[in-house]
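Okay, final-v7.cif now, which holds mmCIF, C-alpha atoms:
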data_entry
#
loop_
_atom_site.label_atom_id
_atom_site.label_comp_id
_atom_site.auth_asym_id
_atom_site.auth_seq_id
_atom_site.Cartn_x
_atom_site.Cartn_y
_atom_site.Cartn_z
CA MET A 1 25.75 59.74 61.47
CA SER A 2 26.57 58.29 58.08
CA ILE A 3 24.28 57.34 55.21
CA ALA A 4 25.14 54.99 52.40
CA PRO A 5 25.14 56.38 48.87
CA THR A 6 22.10 54.28 47.98
CA GLU A 7 20.15 56.14 50.66
CA GLN A 8 20.79 59.63 49.37
CA PRO A 9 17.73 61.93 49.62
CA THR A 10 15.68 62.53 46.48
CA LEU A 11 14.00 65.83 45.60
CA LEU A 12 10.84 65.35 43.53
CA LEU A 13 7.46 66.74 42.54
CA ASP A 14 4.63 64.60 43.90
CA SER A 15 1.00 64.83 45.05
CA ASP A 16 -0.60 65.51 48.40
CA SER A 17 -2.71 62.46 49.17
CA ALA A 18 -4.89 64.52 51.52
CA GLU A 19 -6.14 66.68 48.65
CA GLU A 20 -6.79 65.13 45.27
CA GLY A 21 -4.96 66.79 42.39
CA SER A 22 -2.79 68.97 44.68
CA LEU A 23 0.90 68.98 43.74
CA CYS A 24 3.74 69.52 46.20
CA VAL A 25 7.54 69.17 46.47
CA SER A 26 9.02 66.41 48.62
CA VAL A 27 12.41 65.21 49.83
CA ARG A 28 12.39 61.43 50.23
CA ASN A 29 14.87 58.94 51.73
CA LEU A 30 15.82 61.02 54.75
CA GLY A 31 17.17 58.87 57.58
CA GLY A 32 15.04 57.88 60.52
CA ASP A 33 17.24 59.77 62.95
CA VAL A 34 16.72 63.00 60.96
CA ILE A 35 12.95 62.47 60.98
CA GLY A 36 13.02 61.72 64.69
CA ARG A 37 14.89 64.94 65.48
CA LEU A 38 12.45 66.99 63.40
CA ARG A 39 9.42 65.51 65.16
CA THR A 40 10.74 66.57 68.57
CA CYS A 41 12.63 69.77 67.72
CA PRO A 42 10.80 72.98 68.80
CA GLN A 43 12.53 74.85 65.96
CA ALA A 44 11.41 72.35 63.29
CA ALA A 45 9.16 74.80 61.41
CA ARG A 46 12.00 77.33 61.01
CA LEU A 47 14.49 74.64 59.99
CA LEU A 48 12.15 73.22 57.36
CA ARG A 49 11.56 76.65 55.83
CA SER A 50 15.33 77.08 55.44
CA ALA A 51 16.07 73.54 54.27
CA LEU A 52 13.38 73.08 51.61
CA ARG A 53 12.61 76.21 49.61
CA VAL A 54 10.52 76.82 46.49
CA SER A 55 10.57 80.03 44.45
CA VAL A 56 9.43 81.31 41.07
CA ILE A 57 12.06 81.38 38.34
CA GLY A 58 12.30 84.89 36.94
CA ARG A 59 12.21 85.58 33.24
CA GLY A 60 15.95 86.16 33.21
CA GLY A 61 16.64 83.03 35.27
CA GLU A 62 17.46 85.01 38.43
CA SER A 63 19.08 83.06 41.23
CA ASP A 64 17.10 81.81 44.22
CA ARG A 65 18.44 84.53 46.50
CA ASP A 66 17.00 87.23 44.21
CA LEU A 67 13.41 85.92 44.41
CA PRO A 68 11.20 85.45 47.49
CA ASP A 69 10.03 81.99 48.45
CA ILE A 70 6.43 81.20 47.58
CA PHE A 71 3.97 80.82 50.45
CA GLY A 72 3.29 77.33 51.74
CA ARG A 73 3.57 74.95 54.65
CA HIS A 74 5.92 72.08 55.47
CA GLN A 75 5.17 68.56 56.69
CA VAL A 76 7.36 65.87 58.21
CA LEU A 77 6.74 62.50 56.53
CA ALA A 78 7.69 58.98 57.56
CA ASP A 79 10.75 59.08 55.28
CA GLY A 80 11.19 62.74 54.38
CA ILE A 81 9.71 66.23 54.31
CA ARG A 82 7.20 67.97 52.07
CA PHE A 83 6.36 71.51 50.93
CA ILE A 84 2.68 72.20 50.10
CA PRO A 85 1.96 75.59 48.46
CA TYR A 86 -0.92 77.65 49.82
CA PHE A 87 -1.92 78.34 46.22
CA PRO A 88 -1.64 75.63 43.52
CA PHE A 89 1.42 75.77 41.26
CA GLU A 90 0.27 77.86 38.31
CA PRO A 91 0.59 76.26 34.87
CA GLY A 92 3.09 77.92 32.55
CA VAL A 93 5.16 79.39 35.41
CA GLY A 94 8.66 78.11 36.16
CA PHE A 95 9.48 77.04 39.72
CA ARG A 96 12.76 76.15 41.42
CA ALA A 97 12.99 73.90 44.50
CA THR A 98 16.20 73.58 46.53
CA PHE A 99 17.14 71.38 49.49
CA ASP A 100 20.02 72.14 51.85
CA PRO A 101 20.68 69.08 54.08
CA SER A 102 23.21 70.94 56.21
CA VAL A 103 20.37 72.98 57.74
CA LEU A 104 19.03 69.75 59.25
CA GLY A 105 22.39 68.91 60.75
CA CYS A 106 23.47 66.54 57.97
CA PRO A 107 26.55 68.19 56.39
CA GLU A 108 27.89 64.81 55.28
CA LEU A 109 24.95 64.24 52.92
CA ALA A 110 25.67 64.94 49.27
CA GLU A 111 23.76 68.04 48.17
CA VAL A 112 20.57 67.11 46.34
CA PRO A 113 20.38 68.80 42.92
CA ARG A 114 17.85 71.54 42.70
CA LEU A 115 14.60 70.78 40.93
CA GLU A 116 13.22 73.09 38.25
CA PHE A 117 9.76 72.44 36.89
CA SER A 118 6.67 73.97 35.30
CA LEU A 119 3.21 72.61 34.64
CA PRO A 120 1.83 72.64 31.09
CA ARG A 121 -0.97 75.03 30.34
CA ALA A 122 -4.27 73.42 29.53
CA THR A 123 -5.24 73.75 25.89
CA SER A 124 -8.78 74.49 24.87
CA THR A 125 -10.51 75.70 21.74
CA GLN A 126 -13.41 77.13 23.73
CA ARG A 127 -13.20 80.66 25.10
CA SER A 128 -13.73 81.17 28.82
CA TYR A 129 -16.44 83.47 30.14
CA VAL A 130 -17.86 84.93 33.35
CA LYS A 131 -20.60 82.60 34.58
CA HIS A 132 -21.87 84.57 37.58
CA VAL A 133 -21.14 87.57 39.73
CA PHE A 134 -22.35 87.67 43.33
CA PRO A 135 -24.15 89.37 45.02
CA SER A 136 -26.67 88.56 42.31
CA ASP A 137 -29.21 91.29 43.15
CA ASP A 138 -29.37 94.45 41.08
CA SER A 139 -30.04 96.58 44.19
CA LEU A 140 -27.15 96.54 46.67
CA PRO A 141 -26.33 98.53 49.86
CA ASP A 142 -24.00 101.48 49.38
CA ASN A 143 -21.57 99.98 51.93
CA LEU A 144 -21.19 96.78 49.90
CA LEU A 145 -17.88 95.10 50.77
CA ARG A 146 -17.16 92.54 48.04
CA PHE A 147 -18.08 90.81 44.79
CA TYR A 148 -17.36 87.24 43.73
CA ALA A 149 -16.66 86.70 40.01
CA CYS A 150 -17.07 83.06 38.90
CA PHE A 151 -15.46 81.99 35.62
CA SER A 152 -16.17 78.98 33.42
CA ASP A 153 -12.51 77.86 33.43
CA PRO A 154 -9.34 78.41 35.51
CA MET A 155 -7.87 81.85 35.00
CA GLN A 156 -4.39 83.37 35.22
CA ARG A 157 -3.32 85.35 38.25
CA GLY A 158 -2.30 89.00 37.94
CA GLU A 159 -4.88 90.23 35.41
CA SER A 160 -7.57 91.83 37.56
CA GLN A 161 -6.05 95.26 38.12
CA ALA A 162 -5.83 95.97 34.38
CA HIS A 163 -9.20 94.51 33.42
CA ILE A 164 -11.65 94.97 36.32
CA ALA A 165 -13.14 98.35 37.20
CA LEU A 166 -16.13 99.88 38.94
CA LEU A 167 -17.88 102.51 36.83
CA GLY A 168 -19.74 105.41 38.38
CA PRO A 169 -23.03 107.02 37.28
CA ASP A 170 -21.13 108.93 34.58
CA GLY A 171 -19.80 105.69 33.06
CA ARG A 172 -16.19 106.39 34.05
CA PRO A 173 -14.06 104.29 36.44
CA ILE A 174 -14.25 105.40 40.07
CA PRO A 175 -10.65 106.10 41.20
CA ASP A 176 -9.43 103.86 44.03
CA ALA A 177 -12.85 102.24 44.50
CA LEU A 178 -11.48 98.68 44.44
CA TYR A 179 -8.92 97.32 46.87
CA ARG A 180 -5.87 95.84 45.09
CA PRO A 181 -4.36 93.19 47.41
CA PRO A 182 -0.71 92.14 46.93
CA VAL A 183 -1.95 88.66 45.94
CA GLU A 184 -5.24 88.30 44.08
CA LEU A 185 -7.89 86.46 46.06
CA TRP A 186 -8.59 83.37 43.94
CA ASP A 187 -10.00 80.08 45.22
CA THR A 188 -7.91 76.93 44.78
CA SER A 189 -9.60 76.11 41.45
CA MET A 190 -8.65 79.56 40.05
CA THR A 191 -12.26 79.98 38.86
CA CYS A 192 -13.63 82.29 41.59
CA LEU A 193 -12.11 85.71 42.30
CA THR A 194 -12.98 87.84 45.33
CA ILE A 195 -13.17 91.53 44.37
CA LEU A 196 -13.08 93.86 47.38
CA LEU A 197 -14.24 97.43 47.49
CA ASP A 198 -11.73 99.44 49.50
CA PRO A 199 -12.65 98.76 53.16
CA GLY A 200 -10.92 102.00 54.19
CA ARG A 201 -13.39 104.01 52.11
CA ILE A 202 -16.38 102.07 53.46
CA LYS A 203 -15.54 102.31 57.17
CA ARG A 204 -16.49 105.78 58.33
CA GLY A 205 -13.96 107.91 60.15
CA VAL A 206 -10.77 106.29 58.85
CA GLY A 207 -8.26 107.97 56.54
CA PRO A 208 -9.41 106.89 53.05
CA ASN A 209 -13.06 107.52 53.94
CA ARG A 210 -12.26 111.01 55.17
CA ALA A 211 -10.05 111.84 52.21
CA LEU A 212 -12.05 110.28 49.35
CA GLY A 213 -15.48 109.50 50.72
CA PRO A 214 -17.31 106.20 50.19
CA PRO A 215 -17.05 104.54 46.75
CA LEU A 216 -20.85 104.16 46.43
CA ARG A 217 -23.73 106.49 47.21
CA ALA A 218 -27.35 105.50 47.74
CA GLY A 219 -29.64 106.32 44.83
CA GLU A 220 -26.91 106.14 42.17
CA GLU A 221 -26.34 103.59 39.37
CA TYR A 222 -23.06 101.68 39.05
CA THR A 223 -21.51 99.00 36.84
CA LEU A 224 -18.86 96.41 37.64
CA VAL A 225 -16.89 95.65 34.47
CA ILE A 226 -14.76 92.55 33.89
CA GLY A 227 -12.90 93.19 30.65
CA ALA A 228 -12.45 90.63 27.90
CA GLY A 229 -8.66 91.01 28.21
CA MET A 230 -8.46 88.73 31.26
CA LEU A 231 -6.56 85.57 30.33
CA ASP A 232 -7.40 81.97 31.15
CA MET A 233 -4.83 79.24 31.76
CA SER A 234 -4.54 78.67 28.01
CA ALA A 235 -3.57 82.35 27.62
CA HIS A 236 -6.82 83.04 25.76
CA PRO A 237 -8.83 86.20 26.49
CA LEU A 238 -12.42 85.95 27.65
CA ARG A 239 -15.14 85.34 25.09
CA GLU A 240 -16.62 88.74 25.92
CA ALA A 241 -16.60 91.44 28.57
CA PHE A 242 -19.02 91.12 31.49
CA TYR A 243 -21.10 93.97 32.90
CA LYS A 244 -23.04 93.94 36.17
CA ALA A 245 -25.21 97.01 36.58
CA PHE A 246 -26.75 97.72 39.98
CA HIS A 247 -28.54 100.40 41.97
CA ALA A 248 -27.09 101.51 45.32
CA THR A 249 -29.52 101.52 48.26
CA GLU A 250 -29.23 102.62 51.89
CA ALA A 251 -26.37 101.13 53.91
CA LEU A 252 -26.68 98.08 56.19
CA ARG A 253 -24.89 98.69 59.48
CA ARG A 254 -26.38 96.13 61.87
CA PRO A 255 -25.12 92.73 63.04
CA ILE A 256 -26.87 89.70 61.53
CA GLU A 257 -29.91 88.85 63.67
CA ILE A 258 -30.75 85.17 63.32
CA GLU A 259 -33.93 85.79 65.32
CA GLN A 260 -35.31 87.44 62.18
CA TRP A 261 -34.71 84.40 59.96
CA GLU A 262 -37.66 82.39 58.73
CA ILE A 263 -37.27 78.62 59.13
CA HIS A 264 -39.29 76.27 56.92
CA CYS A 265 -38.98 72.76 58.32
CA PRO A 266 -39.35 69.63 56.18
CA ALA A 267 -41.61 66.69 57.00
CA ALA A 268 -40.09 63.76 58.86
CA ASN A 269 -39.32 60.68 56.76
CA SER A 270 -38.97 62.87 53.64
CA ARG A 271 -36.06 64.39 51.72
CA GLN A 272 -37.70 67.80 51.51
CA PRO A 273 -35.24 70.67 51.98
CA LEU A 274 -34.81 72.60 55.20
CA GLU A 275 -35.10 76.26 54.19
CA LEU A 276 -33.84 79.44 55.80
CA MET A 277 -35.04 82.85 54.58
CA PHE A 278 -33.01 85.97 55.44
CA PRO A 279 -34.30 89.57 55.57
CA VAL A 280 -31.09 90.84 53.89
CA PRO A 281 -28.71 89.13 51.41
CA LEU A 282 -25.86 87.23 53.05
CA ASP A 283 -22.36 86.62 51.71
CA TRP A 284 -22.58 84.06 48.89
CA ALA A 285 -19.29 82.26 49.57
CA LEU A 286 -19.72 82.08 53.34
CA LEU A 287 -23.22 80.62 53.02
CA TRP A 288 -21.74 77.41 51.60
CA ARG A 289 -19.70 76.67 54.73
CA GLY A 290 -21.10 78.93 57.46
CA ILE A 291 -24.31 76.99 58.18
CA THR A 292 -24.54 73.29 59.01
CA VAL A 293 -27.30 70.95 60.19
CA ALA A 294 -26.77 68.14 62.72
CA VAL A 295 -28.76 65.72 64.79
CA GLU A 296 -28.79 67.08 68.34
CA GLY A 297 -25.56 65.94 69.97
CA GLY A 298 -24.12 64.51 66.74
CA PRO A 299 -21.88 65.58 63.84
CA PRO A 300 -23.16 67.54 60.79
CA ILE A 301 -25.24 65.39 58.47
CA ASP A 302 -24.45 64.92 54.79
CA GLY A 303 -26.51 66.72 52.20
CA ARG A 304 -26.65 69.28 49.42
CA ILE A 305 -26.79 73.06 49.89
CA ALA A 306 -28.47 75.51 47.50
CA VAL A 307 -28.36 79.32 47.68
CA ALA A 308 -31.01 81.32 45.81
CA GLN A 309 -33.22 84.42 45.68
CA GLY A 310 -30.42 86.94 45.73
CA GLU A 311 -28.61 85.11 48.56
CA ARG A 312 -31.67 85.51 50.80
CA ARG A 313 -32.61 81.81 50.71
CA TRP A 314 -30.55 78.83 51.94
CA CYS A 315 -31.73 75.25 51.42
CA PHE A 316 -30.34 71.99 52.75
CA THR A 317 -31.45 68.67 51.25
CA PRO A 318 -30.18 65.63 53.21
CA SER A 319 -28.61 62.63 51.56
CA ALA A 320 -30.96 60.35 53.53
CA PRO A 321 -34.55 61.03 54.64
CA TRP A 322 -35.07 63.12 57.76
CA MET A 323 -35.68 61.12 60.92
CA SER A 324 -38.10 62.29 63.58
CA GLY A 325 -36.25 64.00 66.41
CA SER A 326 -34.26 67.05 67.45
CA TYR A 327 -31.82 68.83 65.15
CA LYS A 328 -29.47 71.78 65.50
CA ILE A 329 -28.73 74.42 62.86
CA SER A 330 -25.22 75.75 63.60
CA VAL A 331 -24.33 79.23 62.36
CA ALA A 332 -20.64 80.19 62.31
CA SER A 333 -19.82 83.42 64.13
CA GLY A 334 -17.89 84.50 61.01
CA LEU A 335 -20.95 84.38 58.73
CA GLU A 336 -21.39 87.82 57.13
CA ASP A 337 -23.88 89.71 55.02
CA VAL A 338 -22.82 91.44 51.81
CA CYS A 339 -21.54 94.43 53.79
CA GLY A 340 -19.28 92.45 56.13
CA ASN A 341 -21.64 92.62 59.12
CA SER A 342 -21.39 89.41 61.17
CA LEU A 343 -23.31 87.80 64.02
CA LEU A 344 -20.90 89.51 66.40
CA ALA A 345 -20.94 93.10 65.22
CA ALA A 346 -21.45 95.51 62.35
CA PHE A 347 -18.45 95.94 60.04
CA ASP A 348 -18.64 99.74 60.24
CA ARG A 349 -18.43 100.33 63.99
CA PRO A 350 -16.05 102.19 66.33
CA LEU A 351 -12.63 100.56 66.53
CA ARG A 352 -13.19 100.01 70.25
CA GLU A 353 -16.78 99.50 71.20
CA PRO A 354 -17.96 99.06 74.83
CA GLY A 355 -18.22 95.35 75.59
CA ASP A 356 -15.89 94.24 72.76
CA ALA A 357 -13.55 92.43 75.17
CA GLY A 358 -16.28 90.13 76.42
CA ARG A 359 -18.04 89.63 73.11
CA GLU A 360 -18.98 86.00 72.48
CA VAL A 361 -17.10 84.43 69.55
CA THR A 362 -18.63 80.95 69.53
CA ASN A 363 -21.07 79.70 66.91
CA ARG A 364 -24.80 80.22 67.36
CA SER A 365 -27.30 77.41 67.11
CA ILE A 366 -31.00 77.13 66.27
CA PRO A 367 -32.91 74.14 67.66
CA VAL A 368 -35.35 72.40 65.31
CA ARG A 369 -37.63 69.44 65.96
CA LEU A 370 -39.22 67.33 63.22
#
Would you write the structure of this file as structure tokens?
Amino acid sequence: MSIAPTEQPTLLLDSDSAEEGSLCVSVRNLGGDVIGRLRTCPQAARLLRSALRVSVIGRGGESDRDLPDIFGRHQVLADGIRFIPYFPFEPGVGFRATFDPSVLGCPELAEVPRLEFSLPRATSTQRSYVKHVFPSDDSLPDNLLRFYACFSDPMQRGESQAHIALLGPDGRPIPDALYRPPVELWDTSMTCLTILLDPGRIKRGVGPNRALGPPLRAGEEYTLVIGAGMLDMSAHPLREAFYKAFHATEALRRPIEIEQWEIHCPAANSRQPLELMFPVPLDWALLWRGITVAVEGGPPIDGRIAVAQGERRWCFTPSAPWMSGSYKISVASGLEDVCGNSLLAAFDRPLREPGDAGREVTNRSIPVRL
């Protein structure tokens, strides 16, 4: 195979048309025979990972081999290949992309120069702040699994360990109460951070629970603190620290029972909301995608979701008036309450429970007729 000089591949930063505003790295002008081989090769995923690599540039300009590749996925395009990061490229951070055509069986191609780039930080005169923390209640079970901290503006990664703490009844940080994952759990907008309490201390009978005990105890007062030192994308600290005080109540260790939900149906030919009321607070983030409404036998209908009353109330307002007929409320099997209990099982249960092998993992549905 030979390729004319005018057809040399080009390495560039471009956008993913499937997701607005998402940047990726592409190699364009690959020959049709190369693309054809990649589409049929069973080892294509491995070859793409080796051929097109993206890493962070260290402060001292370390070489590619000294730094791990960033996490992402590869696509084969009509005229090239593309790398899409799992997390958006962070402004102010230097990245290096390299393409090795020999990995794809094209040693005769001239090597494409590596691409180094960084995105400018957004500039703002306004200081960012914590808008909400969920669960929103001030009384929470003592086996609470997670918080969600929602910020007014995109934040920088890598700040939570130094600036977020859980204070005990004595006002001092509880050692090892929060789980520190290798990569902070931000959403794609970098405005919502998942803060986990250490699952090993919550789940009874495992090592951390035996050695340290649970992080929370019923009847005690606690405070989640998000310090003002956290930095936004403009490298500005928060406007002020945020404090969420709450009272620990008895643990919840039961699967979610949809039979206990209250359903308030709207009138046909109206745009009144369909309301679900839960006996216990459910996970705030999962409520936005874990429940859908559809005409019986059809796809989910368009509409607007609202979550309120301490995550005990879920409302769905359709884009068009309700029609008379049969509907189905689908509930994802992965929906959880604030303690990680799902429709399938309680979070804190024996590692191997009788009947686990045959446990149903499909979604549940609730029939409704208007």
Residues matched by the PyMOL selection byres ((chain A and resi 74) around 12) as a PyMOL selection string: chain A and resi 16+24-27+38+44-54+71-73+75-77+80-86
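Atom CA of Gly303 of chain A to atom CA of Pro321 of chain A spans 10.1 Å [interatomic distance, one decimal].
Once the PyMOL selection byres ((chain A and resi 94) around 7) is applied to this file, the selection holds Val56, Ile57, Gly92, Val93, Phe95, Arg96, Phe117 and Ser118 of chain A.
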Using all atoms listed in the file, find all polymer residues with an atom at most 10 Å away from the point (-23.5, 81.1, 64.3); report them as a CSV table (one decimal) with C-alpha atoms, in the frame of the given file.
chain,number,residue,atom,x,y,z
A,256,ILE,CA,-26.9,89.7,61.5
A,258,ILE,CA,-30.8,85.2,63.3
A,290,GLY,CA,-21.1,78.9,57.5
A,291,ILE,CA,-24.3,77.0,58.2
A,292,THR,CA,-24.5,73.3,59.0
A,329,ILE,CA,-28.7,74.4,62.9
A,330,SER,CA,-25.2,75.8,63.6
A,331,VAL,CA,-24.3,79.2,62.4
A,332,ALA,CA,-20.6,80.2,62.3
A,333,SER,CA,-19.8,83.4,64.1
A,334,GLY,CA,-17.9,84.5,61.0
A,335,LEU,CA,-21.0,84.4,58.7
A,342,SER,CA,-21.4,89.4,61.2
A,343,LEU,CA,-23.3,87.8,64.0
A,344,LEU,CA,-20.9,89.5,66.4
A,361,VAL,CA,-17.1,84.4,69.6
A,362,THR,CA,-18.6,81.0,69.5
A,363,ASN,CA,-21.1,79.7,66.9
A,364,ARG,CA,-24.8,80.2,67.4
A,365,SER,CA,-27.3,77.4,67.1
A,366,ILE,CA,-31.0,77.1,66.3
Residues in the PyMOL selection byres ((chain A and resi 315) around 7), expressed as a PyMOL selection string: chain A and resi 273-276+305-307+313-314+316-317
For the residues in the current selection, export C-alpha atoms as a tab-separated table (two decimals), in the coordinates of the input.
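Saved the output as out-v6.tsv:
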chain	number	residue	atom	x	y	z
A	273	PRO	CA	-35.24	70.67	51.98
A	274	LEU	CA	-34.81	72.60	55.20
A	275	GLU	CA	-35.10	76.26	54.19
A	276	LEU	CA	-33.84	79.44	55.80
A	305	ILE	CA	-26.79	73.06	49.89
A	306	ALA	CA	-28.47	75.51	47.50
A	307	VAL	CA	-28.36	79.32	47.68
A	313	ARG	CA	-32.61	81.81	50.71
A	314	TRP	CA	-30.55	78.83	51.94
A	316	PHE	CA	-30.34	71.99	52.75
A	317	THR	CA	-31.45	68.67	51.25
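In this comparison, which uses all atoms listed in the file, the residue of A:Arg239, A:His132, A:Arg253, A:His264 approaching Ile202 of chain A most closely is A:Arg253.
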